[in-house]
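Okay, target01.cif now, which holds mmCIF, N, CA and C atoms:
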```cif
data_query
loop_
_atom_site.label_atom_id
_atom_site.label_comp_id
_atom_site.auth_asym_id
_atom_site.auth_seq_id
_atom_site.Cartn_x
_atom_site.Cartn_y
_atom_site.Cartn_z
N MET A 662 121.61 112.81 125.21
CA MET A 662 122.55 111.88 124.62
C MET A 662 123.92 112.22 125.20
N ASP A 663 124.61 111.21 125.74
CA ASP A 663 125.90 111.48 126.32
C ASP A 663 126.99 111.61 125.26
N ARG A 664 128.08 112.22 125.64
CA ARG A 664 129.16 112.53 124.70
C ARG A 664 129.75 111.28 124.05
N ALA A 665 129.95 110.22 124.83
CA ALA A 665 130.54 108.99 124.28
C ALA A 665 129.63 108.40 123.19
N PHE A 666 128.33 108.42 123.43
CA PHE A 666 127.40 107.88 122.44
C PHE A 666 127.37 108.77 121.19
N ARG A 667 127.39 110.08 121.39
CA ARG A 667 127.43 111.02 120.26
C ARG A 667 128.70 110.80 119.44
N ASP A 668 129.81 110.55 120.11
CA ASP A 668 131.06 110.25 119.41
C ASP A 668 130.95 108.96 118.60
N ARG A 669 130.27 107.95 119.16
CA ARG A 669 130.08 106.69 118.42
C ARG A 669 129.21 106.91 117.19
N LEU A 670 128.17 107.75 117.31
CA LEU A 670 127.33 108.05 116.15
C LEU A 670 128.13 108.78 115.07
N HIS A 671 128.97 109.70 115.49
CA HIS A 671 129.82 110.42 114.53
C HIS A 671 130.74 109.42 113.83
N SER A 672 131.36 108.56 114.60
CA SER A 672 132.25 107.55 114.03
C SER A 672 131.49 106.62 113.08
N ALA A 673 130.28 106.26 113.46
CA ALA A 673 129.47 105.38 112.62
C ALA A 673 129.11 106.07 111.31
N THR A 674 128.85 107.38 111.36
CA THR A 674 128.54 108.12 110.14
C THR A 674 129.76 108.16 109.22
N LEU A 675 130.91 108.41 109.79
CA LEU A 675 132.14 108.42 109.00
C LEU A 675 132.41 107.05 108.39
N THR A 676 132.21 106.01 109.16
CA THR A 676 132.38 104.65 108.65
C THR A 676 131.38 104.38 107.53
N THR A 677 130.15 104.86 107.70
CA THR A 677 129.13 104.69 106.66
C THR A 677 129.59 105.33 105.35
N LEU A 678 130.11 106.55 105.44
CA LEU A 678 130.59 107.23 104.24
C LEU A 678 131.72 106.44 103.58
N ASP A 679 132.64 105.91 104.38
CA ASP A 679 133.73 105.10 103.82
C ASP A 679 133.22 103.83 103.17
N LEU A 680 132.28 103.16 103.84
CA LEU A 680 131.73 101.92 103.29
C LEU A 680 130.92 102.17 102.02
N VAL A 681 130.17 103.26 102.01
CA VAL A 681 129.37 103.59 100.81
C VAL A 681 130.30 103.77 99.62
N GLU A 682 131.39 104.46 99.82
CA GLU A 682 132.35 104.65 98.73
C GLU A 682 132.87 103.31 98.23
N GLY A 683 133.20 102.41 99.15
CA GLY A 683 133.70 101.09 98.76
C GLY A 683 132.67 100.26 98.01
N VAL A 684 131.43 100.30 98.47
CA VAL A 684 130.36 99.53 97.84
C VAL A 684 130.04 100.09 96.45
N MET A 685 130.11 101.41 96.33
CA MET A 685 129.83 102.02 95.03
C MET A 685 130.88 101.62 94.00
N ALA A 686 132.10 101.35 94.44
CA ALA A 686 133.14 100.90 93.52
C ALA A 686 132.77 99.55 92.90
N ASP A 687 131.87 98.83 93.55
CA ASP A 687 131.40 97.55 93.03
C ASP A 687 130.19 97.69 92.13
N GLY A 688 129.81 98.94 91.81
CA GLY A 688 128.74 99.17 90.85
C GLY A 688 127.38 99.50 91.42
N MET A 689 127.25 99.65 92.72
CA MET A 689 125.95 100.02 93.30
C MET A 689 125.71 101.51 93.13
N THR A 690 124.45 101.89 93.06
CA THR A 690 124.12 103.31 93.05
C THR A 690 124.26 103.86 94.47
N LEU A 691 124.21 105.16 94.58
CA LEU A 691 124.37 105.79 95.88
C LEU A 691 123.30 105.34 96.87
N THR A 692 122.04 105.36 96.48
CA THR A 692 120.98 104.97 97.42
C THR A 692 121.02 103.49 97.75
N GLU A 693 121.39 102.66 96.79
CA GLU A 693 121.55 101.23 97.09
C GLU A 693 122.66 101.03 98.12
N ALA A 694 123.75 101.74 97.91
CA ALA A 694 124.89 101.62 98.83
C ALA A 694 124.52 102.11 100.22
N LEU A 695 123.85 103.25 100.31
CA LEU A 695 123.45 103.79 101.62
C LEU A 695 122.56 102.82 102.38
N SER A 696 121.54 102.33 101.73
CA SER A 696 120.62 101.43 102.45
C SER A 696 121.27 100.09 102.76
N GLY A 697 122.17 99.62 101.92
CA GLY A 697 122.85 98.35 102.20
C GLY A 697 123.82 98.46 103.36
N VAL A 698 124.50 99.56 103.43
CA VAL A 698 125.49 99.77 104.49
C VAL A 698 124.81 100.00 105.84
N ARG A 699 123.61 100.59 105.82
CA ARG A 699 122.89 100.87 107.06
C ARG A 699 122.80 99.66 107.97
N GLU A 700 122.64 98.50 107.39
CA GLU A 700 122.50 97.29 108.19
C GLU A 700 123.81 96.86 108.83
N GLN A 701 124.93 97.23 108.24
CA GLN A 701 126.24 96.79 108.72
C GLN A 701 126.82 97.65 109.83
N VAL A 702 126.66 98.96 109.72
CA VAL A 702 127.36 99.88 110.62
C VAL A 702 127.02 99.69 112.10
N PRO A 703 125.76 99.51 112.47
CA PRO A 703 125.50 99.34 113.91
C PRO A 703 126.28 98.18 114.53
N HIS A 704 126.43 97.12 113.80
CA HIS A 704 127.14 95.95 114.32
C HIS A 704 128.65 96.20 114.38
N LEU A 705 129.15 96.96 113.44
CA LEU A 705 130.59 97.22 113.39
C LEU A 705 131.06 98.13 114.52
N LEU A 706 130.22 99.07 114.92
CA LEU A 706 130.66 100.09 115.88
C LEU A 706 129.91 100.12 117.19
N GLY A 707 129.09 99.16 117.43
CA GLY A 707 128.40 99.12 118.71
C GLY A 707 127.31 100.16 118.87
N VAL A 708 126.74 100.61 117.76
CA VAL A 708 125.62 101.54 117.81
C VAL A 708 124.35 100.70 117.73
N PRO A 709 123.37 100.94 118.59
CA PRO A 709 122.14 100.15 118.54
C PRO A 709 121.52 100.16 117.13
N ALA A 710 120.98 99.03 116.71
CA ALA A 710 120.44 98.87 115.36
C ALA A 710 119.40 99.94 115.01
N GLU A 711 118.61 100.36 116.00
CA GLU A 711 117.59 101.36 115.71
C GLU A 711 118.19 102.72 115.34
N TYR A 712 119.47 102.90 115.56
CA TYR A 712 120.12 104.15 115.18
C TYR A 712 120.75 104.07 113.79
N GLY A 713 120.67 102.93 113.14
CA GLY A 713 121.21 102.79 111.79
C GLY A 713 120.59 103.76 110.82
N LEU A 714 119.30 103.98 110.93
CA LEU A 714 118.62 104.94 110.05
C LEU A 714 119.10 106.36 110.30
N LEU A 715 119.33 106.70 111.56
CA LEU A 715 119.84 108.03 111.89
C LEU A 715 121.23 108.24 111.29
N VAL A 716 122.08 107.23 111.38
CA VAL A 716 123.42 107.32 110.82
C VAL A 716 123.34 107.43 109.30
N GLU A 717 122.46 106.64 108.68
CA GLU A 717 122.28 106.72 107.23
C GLU A 717 121.79 108.11 106.82
N ALA A 718 120.84 108.67 107.56
CA ALA A 718 120.31 109.99 107.23
C ALA A 718 121.38 111.07 107.35
N GLU A 719 122.21 110.97 108.37
CA GLU A 719 123.28 111.95 108.53
C GLU A 719 124.30 111.82 107.40
N ALA A 720 124.65 110.59 107.05
CA ALA A 720 125.58 110.38 105.93
C ALA A 720 124.98 110.93 104.63
N ALA A 721 123.71 110.68 104.40
CA ALA A 721 123.04 111.19 103.19
C ALA A 721 123.07 112.71 103.17
N ALA A 722 122.80 113.34 104.31
CA ALA A 722 122.83 114.80 104.39
C ALA A 722 124.22 115.32 104.06
N GLN A 723 125.24 114.65 104.54
CA GLN A 723 126.61 115.08 104.26
C GLN A 723 126.93 114.96 102.77
N ILE A 724 126.45 113.92 102.14
CA ILE A 724 126.69 113.72 100.70
C ILE A 724 125.96 114.78 99.89
N VAL A 725 124.72 115.05 100.25
CA VAL A 725 123.94 116.07 99.54
C VAL A 725 124.63 117.43 99.67
N GLU A 726 125.10 117.76 100.86
CA GLU A 726 125.80 119.03 101.05
C GLU A 726 127.11 119.07 100.26
N ALA A 727 127.81 117.94 100.19
CA ALA A 727 129.06 117.88 99.43
C ALA A 727 128.81 118.11 97.94
N ALA A 728 127.60 117.77 97.49
CA ALA A 728 127.23 117.99 96.09
C ALA A 728 126.79 119.44 95.84
N GLY A 729 126.80 120.25 96.90
CA GLY A 729 126.41 121.65 96.76
C GLY A 729 124.91 121.86 96.74
N LEU A 730 124.17 120.88 97.23
CA LEU A 730 122.71 120.97 97.25
C LEU A 730 122.23 121.25 98.67
N PRO A 731 121.06 121.87 98.82
CA PRO A 731 120.54 122.10 100.17
C PRO A 731 120.12 120.79 100.82
N ALA A 732 120.51 120.61 102.08
CA ALA A 732 120.17 119.37 102.77
C ALA A 732 119.03 119.55 103.76
N GLY A 733 119.00 120.66 104.46
CA GLY A 733 117.96 120.84 105.47
C GLY A 733 118.07 119.81 106.57
N SER A 734 116.95 119.40 107.10
CA SER A 734 116.91 118.39 108.16
C SER A 734 117.30 117.03 107.61
N PRO A 735 118.03 116.22 108.40
CA PRO A 735 118.39 114.88 107.91
C PRO A 735 117.18 114.02 107.52
N PHE A 736 115.99 114.35 108.04
CA PHE A 736 114.81 113.56 107.70
C PHE A 736 113.83 114.33 106.84
N GLY A 737 114.26 115.48 106.33
CA GLY A 737 113.38 116.29 105.51
C GLY A 737 113.40 115.88 104.04
N PRO A 738 112.50 116.44 103.26
CA PRO A 738 112.38 116.08 101.84
C PRO A 738 113.56 116.55 100.99
N ALA A 739 114.33 117.54 101.47
CA ALA A 739 115.46 118.04 100.69
C ALA A 739 116.51 116.95 100.48
N ILE A 740 116.67 116.09 101.45
CA ILE A 740 117.65 115.00 101.32
C ILE A 740 117.24 114.07 100.18
N ALA A 741 115.98 113.67 100.16
CA ALA A 741 115.50 112.77 99.10
C ALA A 741 115.64 113.42 97.73
N ARG A 742 115.30 114.70 97.64
CA ARG A 742 115.46 115.40 96.36
C ARG A 742 116.93 115.48 95.96
N GLY A 743 117.78 115.77 96.93
CA GLY A 743 119.21 115.85 96.65
C GLY A 743 119.78 114.52 96.19
N LEU A 744 119.40 113.44 96.86
CA LEU A 744 119.88 112.11 96.46
C LEU A 744 119.39 111.76 95.06
N ALA A 745 118.14 112.11 94.75
CA ALA A 745 117.60 111.83 93.42
C ALA A 745 118.40 112.58 92.35
N ARG A 746 118.76 113.83 92.64
CA ARG A 746 119.56 114.60 91.67
C ARG A 746 120.97 114.01 91.53
N ILE A 747 121.55 113.60 92.64
CA ILE A 747 122.89 113.02 92.60
C ILE A 747 122.89 111.73 91.79
N GLU A 748 121.86 110.92 91.95
CA GLU A 748 121.79 109.64 91.24
C GLU A 748 121.71 109.80 89.73
N LYS A 749 121.35 110.98 89.26
CA LYS A 749 121.31 111.22 87.81
C LYS A 749 122.70 111.51 87.26
N GLN A 750 123.66 111.74 88.15
CA GLN A 750 125.04 112.03 87.75
C GLN A 750 125.77 110.71 87.45
N PRO A 751 126.84 110.78 86.68
CA PRO A 751 127.65 109.57 86.46
C PRO A 751 128.18 109.03 87.80
N ILE A 752 128.37 107.73 87.87
CA ILE A 752 128.78 107.08 89.11
C ILE A 752 130.08 107.66 89.65
N GLU A 753 130.99 108.07 88.77
CA GLU A 753 132.25 108.65 89.21
C GLU A 753 132.02 109.94 90.00
N GLU A 754 131.08 110.75 89.55
CA GLU A 754 130.75 111.99 90.27
C GLU A 754 130.08 111.67 91.60
N GLN A 755 129.21 110.67 91.61
CA GLN A 755 128.57 110.27 92.85
C GLN A 755 129.62 109.85 93.87
N GLU A 756 130.58 109.05 93.42
CA GLU A 756 131.65 108.61 94.31
C GLU A 756 132.46 109.80 94.82
N GLN A 757 132.70 110.78 93.97
CA GLN A 757 133.45 111.97 94.38
C GLN A 757 132.70 112.74 95.46
N PHE A 758 131.38 112.82 95.34
CA PHE A 758 130.59 113.49 96.38
C PHE A 758 130.73 112.76 97.71
N VAL A 759 130.74 111.42 97.66
CA VAL A 759 130.89 110.63 98.88
C VAL A 759 132.27 110.87 99.49
N ARG A 760 133.31 110.87 98.66
CA ARG A 760 134.68 111.12 99.16
C ARG A 760 134.78 112.51 99.79
N THR A 761 134.20 113.49 99.12
CA THR A 761 134.23 114.85 99.65
C THR A 761 133.50 114.93 100.98
N ALA A 762 132.34 114.29 101.05
CA ALA A 762 131.56 114.28 102.29
C ALA A 762 132.36 113.63 103.42
N ALA A 763 133.04 112.53 103.12
CA ALA A 763 133.82 111.83 104.15
C ALA A 763 134.97 112.71 104.65
N ARG A 764 135.66 113.36 103.73
CA ARG A 764 136.77 114.24 104.14
C ARG A 764 136.26 115.38 105.02
N ARG A 765 135.19 116.01 104.58
CA ARG A 765 134.65 117.13 105.35
C ARG A 765 134.14 116.68 106.71
N TYR A 766 133.48 115.54 106.74
CA TYR A 766 132.92 115.05 108.01
C TYR A 766 134.03 114.64 108.97
N ALA A 767 135.12 114.10 108.44
CA ALA A 767 136.24 113.71 109.29
C ALA A 767 136.82 114.93 110.00
N LEU A 768 136.76 116.07 109.35
CA LEU A 768 137.29 117.29 109.96
C LEU A 768 136.45 117.77 111.14
N THR A 769 135.22 117.30 111.23
CA THR A 769 134.34 117.72 112.32
C THR A 769 134.37 116.73 113.48
N ALA A 770 135.35 115.83 113.48
CA ALA A 770 135.43 114.82 114.54
C ALA A 770 135.47 115.51 115.90
N PRO A 771 134.68 115.00 116.83
CA PRO A 771 134.65 115.62 118.15
C PRO A 771 136.03 115.53 118.82
N ALA A 772 136.41 116.61 119.47
CA ALA A 772 137.67 116.61 120.21
C ALA A 772 137.48 115.77 121.46
N ARG A 773 138.46 114.99 121.75
CA ARG A 773 138.39 114.14 122.93
C ARG A 773 139.30 114.72 124.01
N PRO A 774 138.75 114.94 125.19
CA PRO A 774 139.60 115.45 126.26
C PRO A 774 140.60 114.38 126.69
N ARG A 775 141.76 114.82 127.03
CA ARG A 775 142.78 113.86 127.49
C ARG A 775 142.45 113.42 128.90
N SER A 776 142.46 112.12 129.08
CA SER A 776 142.20 111.61 130.42
C SER A 776 143.51 111.22 131.10
N VAL A 777 144.57 111.09 130.33
CA VAL A 777 145.88 110.79 130.90
C VAL A 777 146.89 111.74 130.27
N PRO A 778 147.94 112.07 130.98
CA PRO A 778 148.94 112.95 130.38
C PRO A 778 149.62 112.28 129.19
N ALA A 779 150.13 113.10 128.26
CA ALA A 779 150.79 112.56 127.07
C ALA A 779 152.01 111.74 127.45
N VAL A 780 152.75 112.17 128.45
CA VAL A 780 153.92 111.43 128.91
C VAL A 780 153.72 111.18 130.39
N LEU A 781 153.74 109.94 130.75
CA LEU A 781 153.58 109.61 132.16
C LEU A 781 154.88 109.88 132.90
N PRO A 782 154.80 110.40 134.12
CA PRO A 782 156.02 110.61 134.89
C PRO A 782 156.65 109.28 135.25
N PRO A 783 157.98 109.24 135.42
CA PRO A 783 158.61 107.98 135.77
C PRO A 783 158.11 107.47 137.11
N ALA A 784 158.03 106.18 137.22
CA ALA A 784 157.56 105.57 138.46
C ALA A 784 158.61 105.79 139.55
N ARG A 785 158.15 106.08 140.72
CA ARG A 785 159.07 106.27 141.84
C ARG A 785 159.44 104.92 142.41
N THR A 786 160.70 104.76 142.67
CA THR A 786 161.14 103.54 143.32
C THR A 786 161.61 103.91 144.72
N PRO A 787 161.13 103.18 145.67
CA PRO A 787 161.52 103.53 147.05
C PRO A 787 163.04 103.32 147.22
N GLY A 788 163.67 104.28 147.86
CA GLY A 788 165.11 104.15 148.13
C GLY A 788 165.36 103.31 149.36
N ARG A 789 166.57 102.82 149.46
CA ARG A 789 166.92 102.01 150.64
C ARG A 789 167.24 102.92 151.82
N ALA A 790 166.80 102.53 152.94
CA ALA A 790 167.14 103.27 154.15
C ALA A 790 168.48 102.81 154.63
N ARG A 791 169.35 103.75 155.03
CA ARG A 791 170.66 103.35 155.53
C ARG A 791 170.75 103.53 156.99
#
```
Encoded form (structure tokens):
Amino acid sequence: MDRAFRDRLHSATLTTLDLVEGVMADGMTLTEALSGVREQVPHLLGVPAEYGLLVEAEAAAQIVEAAGLPAGSPFGPAIARGLARIEKQPIEEQEQFVRTAARRYALTAPARPRSVPAVLPPARTPGRAR
């Protein structure tokens, strides 16, 4: 997987966390919000649709970890158990776990190498010959 694509997946996961929080404010449960948002994120960020599940799984793992629960593999049974435990909590706590996960995940944003200098040198103008 190339770096640019990995960066897009990271961005898509962060966007998923943000969207889940917004959807939950409308009264959806955490799992309803996660699965509903999965369909939207690939189109928003140019990630192939088949990667929507991967982005959802990574977002779920981040939420489970933010709740202080073991996450294990993004596709392992610990995520499902963690989500089930989180869903038993009041919606406000569920939303807090999502916010915490988003903040923590944002801190892991991949560093981007600079391809251009921060300040471009002034353009040279040819002088007149005398």
**Q.** Residue IDs satisfying the PyMOL selection byres (((chain A and resi 717-722 and name CA) around 7) and name CA), as a ChimeraX atom specification
**A.** /A:674,677-678,695,699,713-716,723-726,732,735-736,740
For the residues in that selection, give me N, CA and C atoms as a CSV table (one decimal), keeping the file's coordinate frame.
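out_11.csv was written with the following content:
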```
chain,number,residue,atom,x,y,z
A,674,THR,N,128.8,107.4,111.4
A,674,THR,CA,128.5,108.1,110.1
A,674,THR,C,129.8,108.2,109.2
A,677,THR,N,130.2,104.9,107.7
A,677,THR,CA,129.1,104.7,106.7
A,677,THR,C,129.6,105.3,105.4
A,678,LEU,N,130.1,106.6,105.4
A,678,LEU,CA,130.6,107.2,104.2
A,678,LEU,C,131.7,106.4,103.6
A,695,LEU,N,123.8,103.2,100.3
A,695,LEU,CA,123.4,103.8,101.6
A,695,LEU,C,122.6,102.8,102.4
A,699,ARG,N,123.6,100.6,105.8
A,699,ARG,CA,122.9,100.9,107.1
A,699,ARG,C,122.8,99.7,108.0
A,713,GLY,N,120.7,102.9,113.1
A,713,GLY,CA,121.2,102.8,111.8
A,713,GLY,C,120.6,103.8,110.8
A,714,LEU,N,119.3,104.0,110.9
A,714,LEU,CA,118.6,104.9,110.0
A,714,LEU,C,119.1,106.4,110.3
A,715,LEU,N,119.3,106.7,111.6
A,715,LEU,CA,119.8,108.0,111.9
A,715,LEU,C,121.2,108.2,111.3
A,716,VAL,N,122.1,107.2,111.4
A,716,VAL,CA,123.4,107.3,110.8
A,716,VAL,C,123.3,107.4,109.3
A,723,GLN,N,125.2,114.6,104.5
A,723,GLN,CA,126.6,115.1,104.3
A,723,GLN,C,126.9,115.0,102.8
A,724,ILE,N,126.4,113.9,102.1
A,724,ILE,CA,126.7,113.7,100.7
A,724,ILE,C,126.0,114.8,99.9
A,725,VAL,N,124.7,115.0,100.2
A,725,VAL,CA,123.9,116.1,99.5
A,725,VAL,C,124.6,117.4,99.7
A,726,GLU,N,125.1,117.8,100.9
A,726,GLU,CA,125.8,119.0,101.0
A,726,GLU,C,127.1,119.1,100.3
A,732,ALA,N,120.5,120.6,102.1
A,732,ALA,CA,120.2,119.4,102.8
A,732,ALA,C,119.0,119.6,103.8
A,735,PRO,N,118.0,116.2,108.4
A,735,PRO,CA,118.4,114.9,107.9
A,735,PRO,C,117.2,114.0,107.5
A,736,PHE,N,116.0,114.4,108.0
A,736,PHE,CA,114.8,113.6,107.7
A,736,PHE,C,113.8,114.3,106.8
A,740,ILE,N,116.7,116.1,101.4
A,740,ILE,CA,117.6,115.0,101.3
A,740,ILE,C,117.2,114.1,100.2
```
Q: Kindly resolve the PyMOL selection byres (((chain A and resi 703 and name CA) around 12) and name CA) on the present coordinates and return the residues as a PyMOL selection string.
A: chain A and resi 669-674+676-677+698-702+704-717
**Q.** Residue among A:Phe758, A:Ile747, A:Pro738, A:Asp668 lying closest to A:Thr692, counting only N, CA and C atoms
**A.** A:Ile747
Q.
Let's see if you can do this: from backbone DSSP, list all helix (DSSP H, G or I) residues in stretch 696-759 of chain A, as a ChimeraX atom specification.
A. /A:696-699,702-706,710-727,738-748,752-759
**Q.** Nearest residue to A:Glu682 from the set A:Leu730, A:Leu768, A:Ala741, A:Ala694 (distances using only C-alpha atoms)
**A.** A:Ala694
Selection near A:Leu691, 8 Å with all atoms listed in the file, sequence-local residues under 3 positions removed, as a short mmCIF file (atom, residue, chain, number, x, y, z; two decimals) with N, CA and C atoms, keeping the file's coordinate frame:
```cif
data_model
loop_
_atom_site.label_atom_id
_atom_site.label_comp_id
_atom_site.auth_asym_id
_atom_site.auth_seq_id
_atom_site.Cartn_x
_atom_site.Cartn_y
_atom_site.Cartn_z
N VAL A 681 130.17 103.26 102.01
CA VAL A 681 129.37 103.59 100.81
C VAL A 681 130.30 103.77 99.62
N VAL A 684 131.43 100.30 98.47
CA VAL A 684 130.36 99.53 97.84
C VAL A 684 130.04 100.09 96.45
N MET A 685 130.11 101.41 96.33
CA MET A 685 129.83 102.02 95.03
C MET A 685 130.88 101.62 94.00
N GLY A 688 129.81 98.94 91.81
CA GLY A 688 128.74 99.17 90.85
C GLY A 688 127.38 99.50 91.42
N ALA A 694 123.75 101.74 97.91
CA ALA A 694 124.89 101.62 98.83
C ALA A 694 124.52 102.11 100.22
N LEU A 695 123.85 103.25 100.31
CA LEU A 695 123.45 103.79 101.62
C LEU A 695 122.56 102.82 102.38
N SER A 696 121.54 102.33 101.73
CA SER A 696 120.62 101.43 102.45
C SER A 696 121.27 100.09 102.76
N GLY A 697 122.17 99.62 101.92
CA GLY A 697 122.85 98.35 102.20
C GLY A 697 123.82 98.46 103.36
N LEU A 744 119.40 113.44 96.86
CA LEU A 744 119.88 112.11 96.46
C LEU A 744 119.39 111.76 95.06
N ILE A 747 121.55 113.60 92.64
CA ILE A 747 122.89 113.02 92.60
C ILE A 747 122.89 111.73 91.79
N GLU A 748 121.86 110.92 91.95
CA GLU A 748 121.79 109.64 91.24
C GLU A 748 121.71 109.80 89.73
N ILE A 752 128.37 107.73 87.87
CA ILE A 752 128.78 107.08 89.11
C ILE A 752 130.08 107.66 89.65
N GLN A 755 129.21 110.67 91.61
CA GLN A 755 128.57 110.27 92.85
C GLN A 755 129.62 109.85 93.87
N GLU A 756 130.58 109.05 93.42
CA GLU A 756 131.65 108.61 94.31
C GLU A 756 132.46 109.80 94.82
#
```
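Picture a line from atom CA of A:Ala762 to atom CA of A:Met689; it runs 17.8 Å.
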Q) atom N of A:Gly743 and atom CA of A:Gly683, how far apart in Å? A) 21.7 Å
Around all the atoms of stretch 670-674 of chain A listed in the file, with 3 Å of room on each side, what axis-aligned box do you get, giving centre and edge lengths in Å to one decimal, as lines of an AutoDock Vina configuration file?
```
center_x = 129.8
center_y = 107.9
center_z = 113.3
size_x = 10.9
size_y = 11.0
size_z = 14.1
```
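Atom N of A:Ala727 sits 8.6 Å away from atom C of A:Gln757.
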Please complete stretch 683-690 of chain A so it has all heavy atoms, and hand it over as an mmCIF file, in the coordinates of the input.
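Result written to rebuild_18.cif:
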```
data_model
loop_
_atom_site.group_PDB
_atom_site.id
_atom_site.type_symbol
_atom_site.label_atom_id
_atom_site.label_comp_id
_atom_site.auth_asym_id
_atom_site.auth_seq_id
_atom_site.Cartn_x
_atom_site.Cartn_y
_atom_site.Cartn_z
ATOM 1 N N GLY A 683 133.200 102.410 99.150
ATOM 2 C CA GLY A 683 133.700 101.090 98.760
ATOM 3 C C GLY A 683 132.670 100.260 98.010
ATOM 4 O O GLY A 683 132.976 99.608 97.019
ATOM 5 N N VAL A 684 131.430 100.300 98.470
ATOM 6 C CA VAL A 684 130.360 99.530 97.840
ATOM 7 C C VAL A 684 130.040 100.090 96.450
ATOM 8 O O VAL A 684 129.771 99.348 95.519
ATOM 9 C CB VAL A 684 129.114 99.503 98.747
ATOM 10 C CG1 VAL A 684 127.921 98.890 98.050
ATOM 11 C CG2 VAL A 684 129.416 98.737 100.022
ATOM 12 N N MET A 685 130.110 101.410 96.330
ATOM 13 C CA MET A 685 129.830 102.020 95.030
ATOM 14 C C MET A 685 130.880 101.620 94.000
ATOM 15 O O MET A 685 130.575 101.527 92.814
ATOM 16 C CB MET A 685 129.756 103.545 95.151
ATOM 17 C CG MET A 685 128.492 104.006 95.862
ATOM 18 S SD MET A 685 128.388 105.801 95.943
ATOM 19 C CE MET A 685 128.052 106.168 94.219
ATOM 20 N N ALA A 686 132.100 101.350 94.440
ATOM 21 C CA ALA A 686 133.140 100.900 93.520
ATOM 22 C C ALA A 686 132.770 99.550 92.900
ATOM 23 O O ALA A 686 133.282 99.192 91.847
ATOM 24 C CB ALA A 686 134.474 100.808 94.254
ATOM 25 N N ASP A 687 131.870 98.830 93.550
ATOM 26 C CA ASP A 687 131.400 97.550 93.030
ATOM 27 C C ASP A 687 130.190 97.690 92.130
ATOM 28 O O ASP A 687 129.563 96.707 91.748
ATOM 29 C CB ASP A 687 131.052 96.600 94.193
ATOM 30 C CG ASP A 687 132.280 96.189 94.982
ATOM 31 O OD1 ASP A 687 133.395 96.218 94.416
ATOM 32 O OD2 ASP A 687 132.132 95.837 96.171
ATOM 33 N N GLY A 688 129.810 98.940 91.810
ATOM 34 C CA GLY A 688 128.740 99.170 90.850
ATOM 35 C C GLY A 688 127.380 99.500 91.420
ATOM 36 O O GLY A 688 126.419 99.637 90.658
ATOM 37 N N MET A 689 127.250 99.650 92.720
ATOM 38 C CA MET A 689 125.950 100.020 93.300
ATOM 39 C C MET A 689 125.710 101.510 93.130
ATOM 40 O O MET A 689 126.650 102.298 93.092
ATOM 41 C CB MET A 689 125.901 99.685 94.784
ATOM 42 C CG MET A 689 125.858 98.225 95.099
ATOM 43 S SD MET A 689 125.677 98.018 96.889
ATOM 44 C CE MET A 689 124.251 96.975 96.918
ATOM 45 N N THR A 690 124.450 101.890 93.060
ATOM 46 C CA THR A 690 124.120 103.310 93.050
ATOM 47 C C THR A 690 124.260 103.860 94.470
ATOM 48 O O THR A 690 124.366 103.096 95.435
ATOM 49 C CB THR A 690 122.668 103.549 92.569
ATOM 50 O OG1 THR A 690 121.774 103.015 93.554
ATOM 51 C CG2 THR A 690 122.419 102.941 91.207
#
```
